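*Asks:* Here you go, one structure.
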Amino acid sequence: MRSAIYVAAALGLCALAPALARELLVSAASVLLEGLPYLAASAVLAPRLGRWAPRLLAYLGCGCTPGPGARSIPAAIACAVLFGPWIALGRVALGTALARLGPDGGRSGHGGEALPGELVRLLPAALGAAALLAAAPELDLGHRPPALQLVAGLAIGLGAGPCALGTVALAAALRTASPLAAYALLAAGGMLDVRAWLRRPHEHGHGGRAAYLLLGLACGLAALGGGATLVHPRLVPALALSGIACLWWALRARDVEHRPAAWLAAALAAAVVIGAPAPTYRADETTLADAFAGERVDFTGAYRVQRPHAALVRYAITCCRADAHPIAALLAHPLPLRAGAWVRVRGTLERSGDALVLVPQHVRTIAPPHDPFVYE
């Protein structure tokens with residue numbers, strides 16, 4: 001019955017707002033694909049690590065395990081580089097303390113071949129991150145009252161998981177527009193995990209043969225597509241190995257019905273086939289953060305006009321599409337181009353008031369790239 005309700009709701013959204021439904025589908029799929037290789041590796045390693053598996057996997061992975069993702073050491077290293085060591089240590093310490101207060105005392109982890117079930121539990125967080133991505137252009141946090149920026153940062157942090165690395169990347173992107181919201185996001189992101197409190201015993205099932213076959217298909221298609229503009233290309237080898245593992249598990253799985261896992265795996269494969277639409281560009285979100293006046297710049301992006309300003313904009317991905325953030329080069333003057341055209345501009349940065357603007361010297365229109373993202 002629950003699966004039928006979810007399917008009916010999805011079909012209703014597709015009928016009423018097809019563009020929004022597509023964006024939510026591919027954005028949630030990007031989060032799931034980002035976490036899938038780690039979940040697959042955990043399923044392989046957990047039986048071999050014995051009683052140490054839950055704690056080790058929580059600290060050594062990207063933060064996708066059940067429980068507070070802020071315990072992730074790789075995410076802490078990234079946070080130390082971007083925000084300083086004390087904030088990184090504070091996140092690990094707070095995440096560890098909150099894990100101790102959880103329903104399993106911080107011993108949550110993966111086991112056996114429950115990969116499809118783990119993805120089902122990951123779905124609410126993935127949908128939350130997708131919704132945040134869709135709403136981000138309308139938030140315009142930098143121009144909101146400080147109290148609203150603080151509340152928005154906390155709300156984004158609570159829903160931005162599950163990947164702790166992605167949470168840190170999202171905070172770094174948000175810091176340019178609203179430092180207060182970025183630090184509030186770090187204070188909340190990866191600290192609470194509703195999945196750990198709502199876990200039910202029967203959810204530890206193996207998922208069924210169909211779920212593994214469809215997951216293997218999704219991983220294979222994403223790997224063949226170089227990440228399919230859903231995840232960073234560096235994840236391609238891990239996705240390929242995950243696809244092979246899923247096919248192996250499909251051969252060994254009990255042929256039992258697990259409808260939520262099978263529906264989710266089918267939707268994930270469909271999202272990879274459909275592809276990721278480009279985000280809604282906002283020309284005033286950010287400028288080149290580390291640039292300086294007098295620097296020569298070659299910039300390729302989509303041309304956007306918000307009179308009297310014009311800019312070239314594109315998005316950068318750190319982990320997956322859900323943490324994509326805009327990079328904009330403000331232009332000294334508008335260009336005789338249609339909005340949305342892709343342009344390669346070479347010029348020099350000059351200071352105009354409090355902002356740096358790009359003075360175009362060579363302008364060339366280009367065909368829209370197959371992959372509109374840059375990768376950090």
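Ligands are numbered from 1 in the order shown, chains are lettered A, B, ... in the order of the structure tokens, and residues start at 1 in each chain.
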Give me the residues within 7 Å of Ala339 of chain A as a tab-separated table (two decimals) with C-alpha atoms, in the first residue's frame, counting only C-alpha atoms and dropping any in the same chain fewer than 3 places off.

*Replies:*
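Below you can see out.tsv, which holds the result:
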chain	number	residue	atom	x	y	z
A	303	TYR	CA	25.27	34.40	-20.80
A	304	ARG	CA	22.77	35.89	-18.35
A	305	VAL	CA	21.36	39.43	-18.20

*Asks:* Can you pull out every residue within 8 Å of segment 349-357 of chain A, counting only C-alpha atoms, but drop anything in the same chain fewer than 2 positions away, and send it as an MDAnalysis selection string?

*Replies:* chainID A and resid 287 292:297 329:332 347 359

*Asks:* How would the residues just picked look written out with C-alpha atoms as a PDB file, in the first residue's frame?

*Replies:*
ATOM      1  CA  THR A 287      31.889  35.932  -8.345  1.00  0.00           C
ATOM      2  CA  PHE A 292      42.314  39.832  -8.202  1.00  0.00           C
ATOM      3  CA  ALA A 293      42.247  43.032 -10.227  1.00  0.00           C
ATOM      4  CA  GLY A 294      44.495  42.900 -13.287  1.00  0.00           C
ATOM      5  CA  GLU A 295      44.289  39.115 -13.650  1.00  0.00           C
ATOM      6  CA  ARG A 296      43.671  37.736 -17.146  1.00  0.00           C
ATOM      7  CA  VAL A 297      40.801  35.259 -17.243  1.00  0.00           C
ATOM      8  CA  ALA A 329      31.986  36.216 -13.902  1.00  0.00           C
ATOM      9  CA  LEU A 330      30.314  39.623 -13.862  1.00  0.00           C
ATOM     10  CA  LEU A 331      30.862  41.491 -17.119  1.00  0.00           C
ATOM     11  CA  ALA A 332      31.838  45.152 -17.353  1.00  0.00           C
ATOM     12  CA  GLY A 347      39.598  39.437 -20.768  1.00  0.00           C
ATOM     13  CA  VAL A 359      36.357  43.402 -19.268  1.00  0.00           C
TER      14      VAL A 359
END

*Asks:* Mind checking which residues fall within 9 Å of Ala341 of chain A, counting only C-alpha atoms, ignoring those fewer than 5 positions away in the same chain, and posting them as a VMD selection string?

*Replies:* chain A and resid 301 to 304 365 to 368

*Asks:* Rank nothing, just name the residue among A:Val272, A:Ala265, A:Ala147, A:Leu247 nearest to Gly226 of chain A, using only C-alpha atoms.

*Replies:*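 Under the stated criterion, the closest residue is A:Val272.
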
*Asks:* Quick one, how far is atom CA of Pro18 of chain A from atom CA of Ala211 of chain A?

*Replies:*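 Those two atoms sit 25.6 Å apart.
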
*Asks:* When you count only C-alpha atoms, which of these residues is closest to Pro369 of chain A: A:Val343, A:Ala125, A:Ala328, A:Ile274?

*Replies:*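 Nearest to Pro369 of chain A: A:Val343.
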
*Asks:* With DSSP run on the backbone, what are the helix (DSSP H, G or I) residues within segment 226-272 of chain A? I'd like them as a PyMOL selection string.

*Replies:* chain A and resi 233-252+259-272

*Asks:* Skip Leu60 of chain A itself and residues of its chain fewer than 4 positions away, then list as a list in words all residues within 12 Å of it, counting only C-alpha atoms.

*Replies:* Tyr38, Ala41, Ser42, Leu45, Trp52, Ala53, Pro54, Arg55, Leu56, Cys64, Thr65, Gly69, Ala70, Arg71, Ser72, Ile73, Pro74, Ala75, Ala76, Ile77, Val92, Gly109, Ala164 and Leu165 of chain A

*Asks:* List the spatial neighbours of Ala129 of chain A as a ChimeraX atom specification - criterion: any atom at most 12 Å away, only C-alpha atoms, same-chain residues fewer than 5 positions off excluded.

*Replies:* /A:23-32,122-124,134-136,155-163,166-167,170,189,320-324
